[in-house]
>>> print(open('entry-v6.txt').read())   # compact mmCIF, C-alpha atoms
# COMPACT_ATOMS: atom_id res chain seq x y z
CA MET A 1 223.24 89.84 -17.98
CA GLU A 2 223.21 86.15 -18.79
CA ASN A 3 225.90 84.80 -21.11
CA LEU A 4 227.73 88.14 -21.27
CA TYR A 5 231.49 87.87 -21.70
CA ASP A 6 234.27 90.37 -22.16
CA VAL A 7 235.60 88.51 -25.19
CA ILE A 8 234.27 85.65 -27.29
CA ILE A 9 236.78 83.76 -29.42
CA ILE A 10 235.53 81.92 -32.49
CA GLY A 11 237.76 78.92 -33.15
CA GLY A 12 239.87 76.54 -31.08
CA GLY A 13 243.06 76.21 -33.09
CA PRO A 14 246.43 77.54 -31.90
CA ALA A 15 245.44 81.18 -32.52
CA GLY A 16 242.15 80.89 -30.61
CA LEU A 17 243.59 78.85 -27.75
CA THR A 18 246.54 81.24 -27.36
CA ALA A 19 244.12 84.18 -27.21
CA GLY A 20 242.14 82.21 -24.62
CA ILE A 21 245.25 81.69 -22.51
CA TYR A 22 246.27 85.36 -22.62
CA LEU A 23 242.78 86.74 -21.99
CA SER A 24 241.86 84.39 -19.15
CA ARG A 25 245.18 84.85 -17.43
CA SER A 26 244.47 88.59 -17.51
CA LYS A 27 241.14 87.91 -15.70
CA ILE A 28 239.15 88.78 -18.80
CA LYS A 29 235.89 86.82 -18.87
CA THR A 30 236.40 84.72 -21.99
CA LEU A 31 234.38 82.20 -23.92
CA LEU A 32 235.89 80.16 -26.76
CA ILE A 33 233.38 78.66 -29.18
CA ASN A 34 234.74 75.97 -31.42
CA GLU A 35 232.72 74.44 -34.25
CA GLY A 36 235.20 71.67 -35.05
CA ILE A 37 237.81 69.77 -33.12
CA ILE A 38 240.02 71.44 -30.52
CA GLY A 39 243.38 72.28 -32.05
CA GLY A 40 241.96 72.55 -35.56
CA GLN A 41 244.40 71.53 -38.30
CA MET A 42 247.17 71.32 -35.69
CA SER A 43 245.48 68.37 -33.99
CA LEU A 44 245.65 66.32 -37.19
CA THR A 45 249.43 66.64 -37.56
CA HIS A 46 251.32 63.44 -36.84
CA GLU A 47 254.44 65.09 -35.48
CA ILE A 48 255.39 68.70 -34.78
CA ALA A 49 259.15 69.14 -34.60
CA ASN A 50 259.55 72.88 -35.16
CA TYR A 51 257.63 74.36 -32.23
CA PRO A 52 260.24 76.21 -30.17
CA GLY A 53 261.11 74.55 -26.89
CA ILE A 54 259.43 71.25 -27.76
CA GLU A 55 261.62 68.81 -29.69
CA SER A 56 258.78 66.58 -30.83
CA ILE A 57 255.09 66.33 -29.99
CA SER A 58 251.96 65.11 -31.72
CA GLY A 59 249.59 67.81 -32.91
CA TYR A 60 246.81 66.30 -30.85
CA LYS A 61 248.87 66.36 -27.63
CA LEU A 62 249.89 69.97 -28.20
CA SER A 63 246.23 70.85 -28.80
CA VAL A 64 245.12 69.18 -25.57
CA ASN A 65 247.93 70.91 -23.66
CA MET A 66 246.88 74.32 -25.00
CA GLN A 67 243.24 73.60 -24.16
CA LYS A 68 244.10 72.58 -20.59
CA GLN A 69 246.28 75.65 -20.18
CA ALA A 70 243.46 77.95 -21.34
CA GLU A 71 240.91 76.23 -19.09
CA SER A 72 243.26 76.35 -16.11
CA PHE A 73 243.12 80.14 -16.28
CA GLY A 74 239.31 80.14 -16.47
CA CYS A 75 238.65 80.22 -20.21
CA GLU A 76 235.28 78.59 -20.90
CA ILE A 77 235.23 76.38 -24.00
CA ILE A 78 232.22 75.16 -25.93
CA SER A 79 233.23 72.73 -28.64
CA ASN A 80 231.76 70.73 -31.54
CA VAL A 81 228.72 72.99 -31.93
CA LYS A 82 227.13 74.88 -34.81
CA ILE A 83 227.04 78.69 -34.76
CA THR A 84 223.88 79.85 -36.49
CA GLY A 85 224.03 83.61 -36.13
CA TYR A 86 226.41 86.54 -35.85
CA ASN A 87 225.54 90.14 -35.02
CA LEU A 88 228.91 91.83 -34.63
CA LYS A 89 228.29 95.42 -35.73
CA LYS A 90 226.98 96.83 -32.43
CA ASP A 91 228.93 97.58 -29.27
CA ILE A 92 227.64 94.38 -27.68
CA LYS A 93 228.34 91.49 -30.07
CA LEU A 94 225.88 88.62 -30.26
CA ILE A 95 226.58 85.05 -31.32
CA THR A 96 223.92 82.34 -31.51
CA ILE A 97 224.70 78.66 -31.06
CA ASN A 98 222.26 76.09 -32.35
CA GLY A 99 220.34 74.60 -29.43
CA LYS A 100 222.17 76.65 -26.81
CA GLY A 101 221.00 80.22 -27.37
CA ASP A 102 222.67 83.62 -27.52
CA TYR A 103 226.09 84.64 -26.18
CA LYS A 104 227.16 88.28 -25.90
CA SER A 105 230.48 90.03 -25.56
CA LYS A 106 232.24 93.39 -25.76
CA ALA A 107 234.80 92.10 -28.25
CA VAL A 108 235.17 89.15 -30.58
CA ILE A 109 238.27 87.43 -31.92
CA ILE A 110 237.67 85.44 -35.10
CA ALA A 111 240.16 82.58 -35.23
CA SER A 112 238.18 80.25 -37.44
CA GLY A 113 241.28 78.86 -39.13
CA GLY A 114 241.40 76.90 -42.33
CA LYS A 115 240.10 73.59 -43.52
CA SER A 116 241.65 70.94 -45.70
CA GLN A 117 241.20 71.69 -49.34
CA GLU A 118 239.36 68.93 -51.16
CA LEU A 119 240.07 67.71 -54.68
CA ASP A 120 236.38 68.14 -55.49
CA VAL A 121 236.26 65.21 -57.89
CA PRO A 122 233.70 62.38 -58.26
CA GLY A 123 233.59 59.91 -55.38
CA GLU A 124 235.73 61.92 -52.96
CA LYS A 125 232.90 62.64 -50.51
CA ASP A 126 231.35 59.17 -50.94
CA PHE A 127 234.51 57.46 -49.76
CA ALA A 128 235.46 59.84 -46.92
CA GLY A 129 236.02 57.56 -43.91
CA ARG A 130 235.94 54.59 -46.29
CA GLY A 131 239.38 54.98 -47.85
CA VAL A 132 239.65 58.73 -48.38
CA SER A 133 241.24 60.57 -45.45
CA TYR A 134 242.65 63.95 -44.51
CA CYS A 135 244.31 62.77 -41.28
CA ALA A 136 247.23 60.33 -41.21
CA THR A 137 247.31 60.30 -37.41
CA CYS A 138 243.65 59.31 -37.16
CA ASP A 139 243.31 56.77 -39.93
CA GLY A 140 246.83 55.59 -40.77
CA ASP A 141 246.64 52.22 -39.05
CA PHE A 142 243.60 51.15 -41.07
CA PHE A 143 246.05 50.79 -43.93
CA GLN A 144 248.48 48.32 -42.39
CA ASP A 145 250.33 46.52 -45.23
CA LYS A 146 248.12 48.21 -47.82
CA GLU A 147 248.95 50.42 -50.78
CA ILE A 148 248.00 54.05 -50.50
CA ILE A 149 248.31 57.33 -52.33
CA VAL A 150 249.21 60.69 -50.81
CA VAL A 151 248.06 63.65 -52.90
CA GLY A 152 250.13 66.84 -52.57
CA GLY A 153 253.65 68.17 -52.67
CA GLY A 154 253.93 70.57 -49.74
CA ASN A 155 255.40 70.01 -46.29
CA SER A 156 252.25 68.37 -44.90
CA ALA A 157 251.95 65.93 -47.80
CA LEU A 158 255.55 64.79 -47.75
CA GLU A 159 255.88 64.61 -43.96
CA GLU A 160 252.65 62.63 -43.65
CA ALA A 161 253.72 60.36 -46.53
CA VAL A 162 256.78 59.40 -44.52
CA ALA A 163 254.67 58.92 -41.37
CA LEU A 164 252.30 56.65 -43.27
CA THR A 165 255.11 54.28 -44.31
CA GLN A 166 255.04 52.84 -40.79
CA TYR A 167 251.68 51.30 -41.76
CA ALA A 168 251.42 51.04 -45.52
CA SER A 169 253.36 48.59 -47.68
CA LYS A 170 253.76 51.26 -50.35
CA VAL A 171 253.03 54.97 -50.59
CA THR A 172 252.68 56.71 -53.93
CA VAL A 173 252.85 60.50 -53.88
CA VAL A 174 250.70 62.04 -56.61
CA HIS A 175 251.57 65.67 -57.26
CA GLU A 176 250.41 68.19 -59.81
CA PHE A 177 253.87 69.61 -60.59
CA ASP A 178 257.24 68.07 -61.47
CA TYR A 179 258.79 69.60 -58.35
CA PHE A 180 257.79 69.78 -54.68
CA GLN A 181 257.00 72.99 -52.78
CA ALA A 182 258.06 71.37 -49.49
CA HIS A 183 261.27 72.33 -47.74
CA LYS A 184 264.47 70.50 -48.67
CA TYR A 185 264.54 68.24 -45.61
CA ALA A 186 261.06 66.84 -46.33
CA VAL A 187 261.88 66.32 -50.02
CA GLU A 188 265.06 64.41 -49.13
CA GLN A 189 263.16 62.20 -46.71
CA VAL A 190 260.63 61.07 -49.32
CA THR A 191 262.99 60.77 -52.27
CA ASN A 192 265.32 58.51 -50.28
CA HIS A 193 262.54 56.39 -48.79
CA PRO A 194 262.37 52.80 -50.13
CA LYS A 195 258.57 52.55 -49.66
CA ILE A 196 257.71 55.80 -51.46
CA ASP A 197 257.41 56.41 -55.17
CA PHE A 198 255.97 59.25 -57.23
CA ILE A 199 253.57 60.11 -60.00
CA LEU A 200 254.29 63.72 -60.97
CA ASN A 201 252.43 66.20 -63.18
CA SER A 202 249.28 64.32 -62.19
CA THR A 203 246.24 64.36 -59.95
CA VAL A 204 243.56 61.96 -58.74
CA SER A 205 240.46 62.62 -60.83
CA GLY A 206 238.00 60.04 -59.49
CA PHE A 207 237.39 57.58 -56.64
CA TYR A 208 235.65 54.24 -57.18
CA GLY A 209 234.67 51.16 -55.17
CA SER A 210 231.73 49.52 -53.47
CA GLN A 211 231.75 49.48 -49.65
CA SER A 212 235.22 51.00 -49.51
CA LEU A 213 237.65 52.58 -51.94
CA GLU A 214 239.03 50.12 -54.49
CA LYS A 215 240.57 52.22 -57.25
CA VAL A 216 241.22 55.75 -58.42
CA THR A 217 241.72 57.42 -61.75
CA VAL A 218 245.03 59.25 -62.05
CA LYS A 219 245.07 62.02 -64.65
CA ASN A 220 248.29 63.22 -66.26
CA LEU A 221 247.93 66.99 -66.31
CA LYS A 222 250.31 67.42 -69.26
CA THR A 223 248.84 64.82 -71.62
CA GLY A 224 245.30 64.56 -70.23
CA GLU A 225 245.65 60.77 -70.20
CA GLU A 226 243.70 58.98 -67.44
CA THR A 227 244.82 55.68 -65.91
CA ASP A 228 243.05 53.46 -63.40
CA LYS A 229 245.07 52.48 -60.35
CA LYS A 230 244.00 49.91 -57.76
CA ILE A 231 244.49 51.40 -54.32
CA ASP A 232 243.31 50.86 -50.73
CA GLY A 233 243.46 54.42 -49.48
CA VAL A 234 244.10 58.01 -50.45
CA PHE A 235 245.30 60.74 -48.09
CA ILE A 236 244.77 64.27 -49.37
CA PHE A 237 247.06 67.13 -48.28
CA ILE A 238 246.71 69.83 -50.92
CA GLY A 239 246.60 72.85 -48.66
CA TYR A 240 244.01 74.77 -46.74
CA VAL A 241 241.33 77.29 -47.48
CA PRO A 242 240.26 79.91 -44.93
CA GLN A 243 237.06 79.12 -43.06
CA THR A 244 235.51 82.51 -43.51
CA GLU A 245 232.18 81.68 -45.20
CA PRO A 246 230.05 82.92 -42.26
CA PHE A 247 231.90 86.25 -42.19
CA ARG A 248 231.79 87.11 -45.89
CA LYS A 249 229.02 89.66 -45.47
CA ILE A 250 230.19 90.83 -42.06
CA VAL A 251 233.88 91.78 -42.21
CA LYS A 252 236.09 92.85 -45.09
CA LEU A 253 237.83 90.01 -46.93
CA ASN A 254 240.37 89.95 -49.74
CA LYS A 255 239.83 88.11 -53.03
CA ARG A 256 241.15 84.89 -51.49
CA ASN A 257 238.43 85.18 -48.83
CA GLU A 258 240.96 85.93 -46.09
CA ILE A 259 240.01 88.43 -43.40
CA ILE A 260 241.83 91.75 -43.66
CA VAL A 261 243.16 93.07 -40.34
CA ASP A 262 245.13 96.17 -39.31
CA ASP A 263 248.32 96.21 -37.25
CA LYS A 264 246.21 95.67 -34.12
CA MET A 265 244.62 92.55 -35.63
CA MET A 266 241.31 94.41 -35.86
CA THR A 267 238.95 93.95 -38.78
CA ASP A 268 236.97 96.79 -40.33
CA ILE A 269 234.43 96.41 -37.48
CA SER A 270 235.29 98.04 -34.16
CA GLY A 271 235.89 95.42 -31.48
CA VAL A 272 236.10 92.52 -33.92
CA PHE A 273 239.61 91.10 -34.19
CA ALA A 274 240.92 88.18 -36.26
CA ALA A 275 243.91 85.88 -35.94
CA GLY A 276 245.48 82.76 -37.38
CA ASP A 277 244.94 81.02 -40.71
CA CYS A 278 241.72 82.90 -41.49
CA ILE A 279 243.51 86.24 -41.98
CA ALA A 280 245.43 87.57 -44.97
CA LYS A 281 249.10 86.74 -44.46
CA ARG A 282 252.02 85.00 -46.14
CA TYR A 283 253.03 82.24 -43.74
CA ARG A 284 250.65 79.81 -42.03
CA GLN A 285 252.42 78.01 -39.23
CA ILE A 286 251.46 77.08 -35.66
CA THR A 287 253.99 79.63 -34.46
CA THR A 288 252.51 82.43 -36.58
CA ALA A 289 249.01 81.52 -35.38
CA VAL A 290 250.22 81.67 -31.78
CA SER A 291 251.72 85.08 -32.48
CA ASP A 292 248.48 86.32 -34.06
CA GLY A 293 246.43 85.03 -31.13
CA THR A 294 248.69 86.79 -28.65
CA LYS A 295 248.47 90.11 -30.47
CA ALA A 296 244.71 89.86 -30.92
CA ALA A 297 244.21 89.08 -27.23
CA LEU A 298 246.39 91.95 -26.00
CA ASN A 299 244.72 94.39 -28.38
CA ALA A 300 241.27 93.12 -27.33
CA ILE A 301 242.18 93.75 -23.69
CA GLU A 302 243.24 97.28 -24.57
CA PHE A 303 240.01 97.75 -26.53
CA ILE A 304 237.61 96.67 -23.79
CA ASN A 305 239.50 98.65 -21.17
CA MET B 1 241.33 48.66 -20.68
CA THR B 2 238.95 51.56 -21.06
CA LEU B 3 238.87 55.05 -22.52
CA GLN B 4 239.53 58.07 -20.30
CA THR B 5 236.01 59.49 -20.54
CA ASN B 6 233.14 60.00 -18.13
CA LEU B 7 230.91 57.71 -20.17
CA ASP B 8 230.06 54.18 -19.11
CA HIS B 9 232.53 51.82 -20.75
CA ILE B 10 231.97 48.48 -22.43
CA GLU B 11 234.90 46.15 -21.83
CA THR B 12 233.65 42.71 -22.83
CA GLU B 13 231.47 41.04 -25.42
CA ASN B 14 229.20 39.69 -22.64
CA GLN B 15 228.70 43.18 -21.27
CA TYR B 16 227.91 44.40 -24.80
CA ASN B 17 225.31 41.66 -25.29
CA ASP B 18 223.71 42.35 -21.89
CA ILE B 19 223.42 46.05 -22.64
CA LEU B 20 221.76 45.43 -26.00
CA SER B 21 219.40 42.86 -24.48
CA ASN B 22 218.32 45.07 -21.60
CA ASN B 23 218.03 48.50 -23.25
CA GLU B 24 215.79 49.66 -26.06
CA ASN B 25 217.87 52.63 -27.30
CA VAL B 26 221.66 52.45 -27.22
CA MET B 27 224.46 54.54 -28.73
CA ILE B 28 228.02 53.15 -28.62
CA CYS B 29 231.09 55.06 -29.74
CA CYS B 30 234.06 52.78 -30.39
CA GLY B 31 237.34 54.66 -30.75
CA ARG B 32 240.53 55.93 -29.18
CA MET B 33 241.53 59.13 -27.39
CA GLY B 34 242.24 60.83 -30.73
CA PRO B 35 241.22 64.10 -32.36
CA MET B 36 238.25 62.67 -34.24
CA CYS B 37 236.99 60.61 -31.30
CA VAL B 38 237.21 62.89 -28.26
CA PRO B 39 234.65 65.46 -29.50
CA VAL B 40 232.09 62.67 -29.97
CA TYR B 41 232.60 61.37 -26.40
CA ALA B 42 232.28 64.93 -25.08
CA ASP B 43 228.99 65.40 -26.90
CA MET B 44 227.67 62.05 -25.68
CA GLU B 45 228.46 63.04 -22.09
CA LYS B 46 226.42 66.22 -22.51
CA LEU B 47 223.57 64.46 -24.34
CA ARG B 48 222.93 61.97 -21.53
CA ASP B 49 220.76 64.49 -19.69
CA GLU B 50 218.90 65.57 -22.82
CA TYR B 51 218.16 61.99 -23.94
CA PRO B 52 217.43 60.04 -20.75
CA HIS B 53 215.69 57.32 -22.78
CA VAL B 54 218.98 56.54 -24.59
CA LYS B 55 221.94 54.70 -23.04
CA PHE B 56 225.35 56.07 -24.04
CA TYR B 57 228.51 53.94 -23.93
CA ASP B 58 232.03 53.98 -25.27
CA MET B 59 234.38 51.11 -26.08
CA LEU B 60 238.11 51.12 -26.69
CA PHE B 61 238.68 50.21 -30.33
CA ASP B 62 241.84 48.20 -29.68
CA ILE B 63 240.59 45.66 -27.11
CA PRO B 64 239.93 42.20 -28.58
CA ASP B 65 236.23 42.20 -27.59
CA ALA B 66 235.66 45.36 -29.65
CA GLN B 67 235.50 43.00 -32.62
CA VAL B 68 231.74 42.91 -31.89
CA ILE B 69 231.65 46.43 -33.32
CA ARG B 70 234.64 46.32 -35.68
CA ASN B 71 233.12 43.32 -37.48
CA LEU B 72 229.55 44.53 -37.73
CA PRO B 73 228.31 44.30 -41.33
CA GLU B 74 227.18 47.91 -40.99
CA CYS B 75 230.80 48.94 -40.30
CA LEU B 76 232.27 47.06 -43.23
CA GLY B 77 234.38 49.47 -45.22
CA PHE B 78 234.79 51.94 -42.36
CA MET B 79 238.35 53.31 -42.36
CA GLY B 80 238.10 56.21 -39.96
CA LEU B 81 237.64 56.45 -36.20
CA PRO B 82 235.44 56.47 -34.26
CA PHE B 83 232.86 53.89 -35.27
CA THR B 84 229.56 55.15 -33.83
CA VAL B 85 226.71 52.68 -33.78
CA TYR B 86 223.06 53.22 -32.81
CA TYR B 87 220.91 50.25 -31.69
CA LYS B 88 217.14 49.92 -31.34
CA LYS B 89 215.94 46.80 -29.49
CA GLY B 90 219.34 45.20 -30.04
CA LYS B 91 219.44 45.83 -33.80
CA VAL B 92 221.74 48.29 -35.56
CA VAL B 93 219.67 51.14 -36.98
CA LYS B 94 222.53 53.46 -37.95
CA ALA B 95 226.34 53.41 -38.07
CA ALA B 96 228.78 56.22 -38.83
CA SER B 97 232.52 56.48 -39.40
CA SER B 98 234.81 59.34 -38.28
CA ILE B 99 233.87 62.48 -36.35
CA GLN B 100 230.23 63.48 -35.98
CA MET B 101 229.09 66.96 -35.08
CA ARG B 102 226.57 67.37 -32.27
CA ASP B 103 223.87 68.25 -34.84
CA GLN B 104 224.52 65.03 -36.74
CA ILE B 105 224.28 62.97 -33.56
CA THR B 106 221.07 64.61 -32.36
CA ALA B 107 219.52 64.25 -35.81
CA ILE B 108 220.05 60.49 -35.62
CA LEU B 109 218.90 60.29 -31.99
CA ASP B 110 215.73 62.23 -32.85
CA GLU B 111 215.05 60.18 -35.95
CA GLN B 112 215.70 56.75 -34.49
CA PHE B 113 214.82 57.08 -30.82
CA SER B 114 212.06 59.70 -30.55
>>> encode(input="entry-v6.txt", output="structure tokens")
Amino acid sequence: MENLYDVIIIGGGPAGLTAGIYLSRSKIKTLLINEGIIGGQMSLTHEIANYPGIESISGYKLSVNMQKQAESFGCEIISNVKITGYNLKKDIKLITINGKGDYKSKAVIIASGGKSQELDVPGEKDFAGRGVSYCATCDGDFFQDKEIIVVGGGNSALEEAVALTQYASKVTVVHEFDYFQAHKYAVEQVTNHPKIDFILNSTVSGFYGSQSLEKVTVKNLKTGEETDKKIDGVFIFIGYVPQTEPFRKIVKLNKRNEIIVDDKMMTDISGVFAAGDCIAKRYRQITTAVSDGTKAALNAIEFIN
Amino acid sequence: MTLQTNLDHIETENQYNDILSNNENVMICCGRMGPMCVPVYADMEKLRDEYPHVKFYDMLFDIPDAQVIRNLPECLGFMGLPFTVYYKKGKVVKAASSIQMRDQITAILDEQFS
């Protein structure tokens, strides 16, 4: 049967790629379908320094390495496409890709990951790629000697704020609380950095300019006062939301729209597994995604056998 | 210097001008080997067979001659890679900043070059 695989993986982040490595190495006929960029959120990370065995690596390089490793074992990868249909309830699962047709498999691993949360305020979408960015690695050097804002107070925000100081003349961290959720090391790095200052208890409430971003409105969340601030760029790192929209009427989700899995990483549909940032769990790290992908792959092998 | 892709590369301003003079429909992706750029090159490689009436090229963003794209009025204000530019009879008909999905690319190709 044409386009019939043992396992189809949805998503090419660390969970999906790890599952691809394990399945293909076990001679399981595997297809990985990726709607976004290979590596997912991992590929946008400037530096990864807590992946065991690797002292320092860019997220993009680690993504490419994982992709090559999966492909070297025979995992087929289709990337940057749009999936238009899922029929996962029957024994043979069917997935439709726009312009490419139907793909079938005995099991599916959903590893659709998360996507950057947006502020959802006026002008944000209009200035994406024109001053508003979600990727310091990709767009940082457009802001050489310019003033920028980083929105957020978690590990990603503070680590990327430091990374962006190699380009920007000044980085202002705008954060909704008067404390940071990031770990102590990241907080120390930004608070001691001469190029970084802070606007706390605040958020960016609007983006304005003509051809590119020229100013933002910063809203104090305690007083409600809004102030205009001239700025060349804004990088937004306010967390991730699970990319589970296509699965909301297919598998069981919790109230945060995360996929619920059992101890074998299986959803409430037989033969449909899930792994990585799209599932309900406490910690979202590359290492936990890799772990999820491994478990999902091994359980999928057991299932199809 | 060129990008590590299987596309035809543009390395000089003269080459760029020749290509635009001698081809009716041209798509050029100007970027680096980064996470937002690579998926666009990969799609362009696949689309060559589906759109034989369009010429697909890439250009390394950091070479001096890439100013012909960096300084296009249509790219003014772009602050995200890659810069993807579509030309009809030598004139820019569309320009986009940052990653484009395959559907977005084919929509432009169908609209501008059908």
>>> interface_residues(input="entry-v6.txt", of="chain A", to="chain B", cutoff="7 Å", atoms="all atoms listed in the file", output="compact mmCIF listing (two decimals) with C-alpha atoms, in the frame of the given file")
# COMPACT_ATOMS: atom_id res chain seq x y z
CA ILE A 37 237.81 69.77 -33.12
CA SER A 43 245.48 68.37 -33.99
CA LEU A 44 245.65 66.32 -37.19
CA TYR A 60 246.81 66.30 -30.85
CA ASN A 80 231.76 70.73 -31.54
CA VAL A 81 228.72 72.99 -31.93
CA GLY A 129 236.02 57.56 -43.91
CA ARG A 130 235.94 54.59 -46.29
CA GLY A 131 239.38 54.98 -47.85
CA CYS A 138 243.65 59.31 -37.16
CA ASP A 139 243.31 56.77 -39.93
CA PHE A 142 243.60 51.15 -41.07
CA GLN A 211 231.75 49.48 -49.65
CA SER A 212 235.22 51.00 -49.51
>>> atom_distance(input="entry-v6.txt", atom1="CA of Lys89 in chain A", atom2="CA of Val251 in chain A")
9.3 Å
>>> residues_around(input="entry-v6.txt", residues="Gly39 in chain A", least_positions_apart="5", cutoff="10 Å", atoms="all atoms listed in the file", output="PyMOL selection string")
(chain A and resi 11-17+34+44-45+59-67+113) or (chain B and resi 35)
>>> atom_distance(input="entry-v6.txt", atom1="CA of Tyr103 in chain A", atom2="CA of Lys27 in chain A")
18.6 Å
>>> residues_around(input="entry-v6.txt", residues="Leu47 in chain B", least_positions_apart="4", cutoff="12 Å", atoms="only C-alpha atoms", output="ChimeraX atom specification")
/A:99 /B:7,27,40-43,51-57,102-103,105-106,109-110
>>> residues_around(input="entry-v6.txt", residues="Asp277 in chain A", least_positions_apart="6", cutoff="12 Å", atoms="all atoms listed in the file", output="MDAnalysis selection string")
chainID A and resid 11:16 40:42 110:116 239:244 257:260 283:293
>>> atom_distance(input="entry-v6.txt", atom1="CA of Asn98 in chain A", atom2="CA of Asn3 in chain A")
14.7 Å
>>> closest_residue(input="entry-v6.txt", among="B:Ile19, B:Glu13, B:Asp58, B:Lys89", to="Gly31 in chain B", atoms="all atoms listed in the file")
B:Asp58
>>> residues_around(input="entry-v6.txt", residues="Thr227 in chain A", least_positions_apart="4", cutoff="10 Å", atoms="only C-alpha atoms", output="mmCIF file with C-alpha atoms, in the coordinates of the input")
data_model
loop_
_atom_site.group_PDB
_atom_site.id
_atom_site.type_symbol
_atom_site.label_atom_id
_atom_site.label_comp_id
_atom_site.auth_asym_id
_atom_site.auth_seq_id
_atom_site.Cartn_x
_atom_site.Cartn_y
_atom_site.Cartn_z
ATOM 1 C CA VAL A 204 243.560 61.960 -58.740
ATOM 2 C CA SER A 205 240.460 62.620 -60.830
ATOM 3 C CA VAL A 216 241.220 55.750 -58.420
ATOM 4 C CA THR A 217 241.720 57.420 -61.750
ATOM 5 C CA VAL A 218 245.030 59.250 -62.050
ATOM 6 C CA LYS A 219 245.070 62.020 -64.650
ATOM 7 C CA ASN A 220 248.290 63.220 -66.260
#
>>> decode(input="entry-v6.txt", residues="range 97-110 of chain B", atoms="N, CA and C atoms", output="PDB file, in the first residue's frame")
ATOM      1  N   SER B  97       9.490  39.044   4.524  1.00  0.00           N
ATOM      2  CA  SER B  97      10.529  38.938   5.543  1.00  0.00           C
ATOM      3  C   SER B  97      10.246  37.747   6.442  1.00  0.00           C
ATOM      4  N   SER B  98      11.310  37.054   6.862  1.00  0.00           N
ATOM      5  CA  SER B  98      11.242  35.911   7.775  1.00  0.00           C
ATOM      6  C   SER B  98      10.721  34.659   7.054  1.00  0.00           C
ATOM      7  N   ILE B  99      10.505  33.604   7.836  1.00  0.00           N
ATOM      8  CA  ILE B  99      10.158  32.302   7.249  1.00  0.00           C
ATOM      9  C   ILE B  99       8.828  32.371   6.501  1.00  0.00           C
ATOM     10  N   GLN B 100       8.746  31.618   5.406  1.00  0.00           N
ATOM     11  CA  GLN B 100       7.482  31.456   4.690  1.00  0.00           C
ATOM     12  C   GLN B 100       7.188  29.969   4.597  1.00  0.00           C
ATOM     13  N   MET B 101       5.943  29.623   4.867  1.00  0.00           N
ATOM     14  CA  MET B 101       5.515  28.239   4.690  1.00  0.00           C
ATOM     15  C   MET B 101       5.368  27.954   3.195  1.00  0.00           C
ATOM     16  N   ARG B 102       5.414  26.666   2.854  1.00  0.00           N
ATOM     17  CA  ARG B 102       5.257  26.272   1.451  1.00  0.00           C
ATOM     18  C   ARG B 102       3.967  26.851   0.860  1.00  0.00           C
ATOM     19  N   ASP B 103       2.873  26.809   1.620  1.00  0.00           N
ATOM     20  CA  ASP B 103       1.593  27.329   1.123  1.00  0.00           C
ATOM     21  C   ASP B 103       1.672  28.816   0.791  1.00  0.00           C
ATOM     22  N   GLN B 104       2.398  29.556   1.629  1.00  0.00           N
ATOM     23  CA  GLN B 104       2.538  30.998   1.384  1.00  0.00           C
ATOM     24  C   GLN B 104       3.344  31.244   0.107  1.00  0.00           C
ATOM     25  N   ILE B 105       4.379  30.445  -0.074  1.00  0.00           N
ATOM     26  CA  ILE B 105       5.216  30.604  -1.278  1.00  0.00           C
ATOM     27  C   ILE B 105       4.404  30.265  -2.529  1.00  0.00           C
ATOM     28  N   THR B 106       3.719  29.133  -2.504  1.00  0.00           N
ATOM     29  CA  THR B 106       2.979  28.725  -3.712  1.00  0.00           C
ATOM     30  C   THR B 106       1.827  29.689  -4.001  1.00  0.00           C
ATOM     31  N   ALA B 107       1.255  30.267  -2.956  1.00  0.00           N
ATOM     32  CA  ALA B 107       0.180  31.248  -3.185  1.00  0.00           C
ATOM     33  C   ALA B 107       0.718  32.444  -3.968  1.00  0.00           C
ATOM     34  N   ILE B 108       1.910  32.888  -3.607  1.00  0.00           N
ATOM     35  CA  ILE B 108       2.510  34.023  -4.325  1.00  0.00           C
ATOM     36  C   ILE B 108       2.906  33.604  -5.751  1.00  0.00           C
ATOM     37  N   LEU B 109       3.514  32.423  -5.870  1.00  0.00           N
ATOM     38  CA  LEU B 109       3.922  31.953  -7.201  1.00  0.00           C
ATOM     39  C   LEU B 109       2.704  31.841  -8.120  1.00  0.00           C
ATOM     40  N   ASP B 110       1.612  31.288  -7.577  1.00  0.00           N
ATOM     41  CA  ASP B 110       0.394  31.129  -8.391  1.00  0.00           C
ATOM     42  C   ASP B 110      -0.205  32.479  -8.763  1.00  0.00           C
TER      43      ASP B 110
END
